[in-house]
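J.: If you scroll down you'll find the structure; I have some questions about it.
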Amino acid sequence: MKAIIYNEFGGPDVLTFGETGKPVPGAGEVRVRVVAVGVNPLDYKRRYGWVEEFYPTTFPAVPGLEFAGVVDALGDGVTEFAVGDEVFGWTRTGAYAEYAIAGDIVRKPAGLSFEAAATLPVAGETTRRVFGLLGLTAGETLLLHGAAGAVGQVAVQLAVALGATVIGTASPANHDFLRGLGAVPVAYGDGLADRVRAAAPQGVDAVFDAAGHGTLPVSIELLGGRTDRIVTIAATDAASYGVVFSGGGTPPEEVRAGLVEHGRLAAEGRLHVPVVETFPLADAAKAQELSEAGHVRGKLIITV
């Protein structure tokens, strides 16, 4: 099969497009013919070797966490799925490939495109996990760093649906967009604390950092020195501030429940992440370069 492979850490140039063996499903496993892949910042961070402490790499490596596709083959003992089922979720073997062994997957709603389905797994699971760690409830005010990114957009929509007020940091060009999602936008950069206080005179109850880039000190300041209700998915130096870095660990049954819920909401038009651009598999390096450059309002998708 064709796949994107890398054998060492480095820049986009370490990604090669070539042939590799098609994975064979073992007992209890499902193989999927990949149709669409979600591109995430974690993809290039793993490629550089920046997050080995949290996500160790075995070479040769195939990038990609989330995908949508069609069940192609079943291992012994699989009864929940059938060949031909349209599914979406997570992969165990890397999604930048024509075929992948599935991790946690569910059936794709019939009214949801493969591309739209591929925008949901990482952002949806991340948001549910972080909200659980924060204990976010209706009536509270959430400060969300990186609100215009793919994870941020899902977090805004789910927090608003929960009944929380969202103060979202983003560049001014994204402010009208965030208002449309129900957030109160503020510009990041110098003076952020004062802008947040002006936007939320009631104070901030919890902080979700999906951006990194020095956001933790100001977050701690806004919580009066507390760190117990700050969670980051982007700042790998979180421990030095006494802040929780969250990179996974959700039980599989909860991951699947989230996929079902978010797929339903997306099919009903109540949860949406815009697809900014699509790339063929051979151009995966270009997709990662654009992701690394930042300021992508929505999702980059690789089509296979």
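Simple scheme: letters A, B, ... for chains in structure tokens order, numbers from 1 for residues in each chain, numbers from 1 for ligands in the order shown.
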Just the strand (DSSP E or B) stuff from segment 155-189 of chain A, please, per backbone DSSP, written as number ranges by chain.
T.: A: 165-169, 184-186
J.: Would you write out, as a tab-separated table, a table of all residues in segment 194-237 of chain A that have an atom no more than 6 Å from an atom of segment 124-142 of chain A, listing for each the closest atom pair and the distance in Å to one decimal, considering only C-alpha atoms and ordering rows by chain and rising residue number?
T.:
```
residue	atom	partner	partner_atom	distance
A:Val204	CA	A:Thr141	CA	5.2
A:Asp205	CA	A:Thr141	CA	5.3
A:Ala206	CA	A:Leu142	CA	5.0
A:Val207	CA	A:Leu142	CA	5.7
A:Arg229	CA	A:Leu134	CA	5.4
```
J.: Which is closest to Arg270 of chain A among A:Asn40, A:Thr20, A:Thr250, A:Gln157, if we use only C-alpha atoms?
T.: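 Among A:Asn40, A:Thr20, A:Thr250, A:Gln157, it is A:Gln157 that comes nearest to Arg270 of chain A.
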J.: Can you work out which one of A:Val196, A:Val273, A:Ala110, A:Ala100 has the shortest atom-to-atom distance to Val166 of chain A, counting only C-alpha atoms?
T.: A:Val196
J.: Based on DSSP run over this structure's backbone, return all residues of segment 91-297 of chain A in alpha helix (DSSP H), as a PyMOL selection string.
T.: chain A and resi 114-117+121-134+150-162+175-181+192-199+216-222+252-267+284-293
J.: Which residue, A:Ala210, A:Gly111, A:Gly69, A:His262, has the smallest gap to Ala150 of chain A when you use only C-alpha atoms?
T.: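 Closest to Ala150 of chain A of all the choices is A:Ala210.
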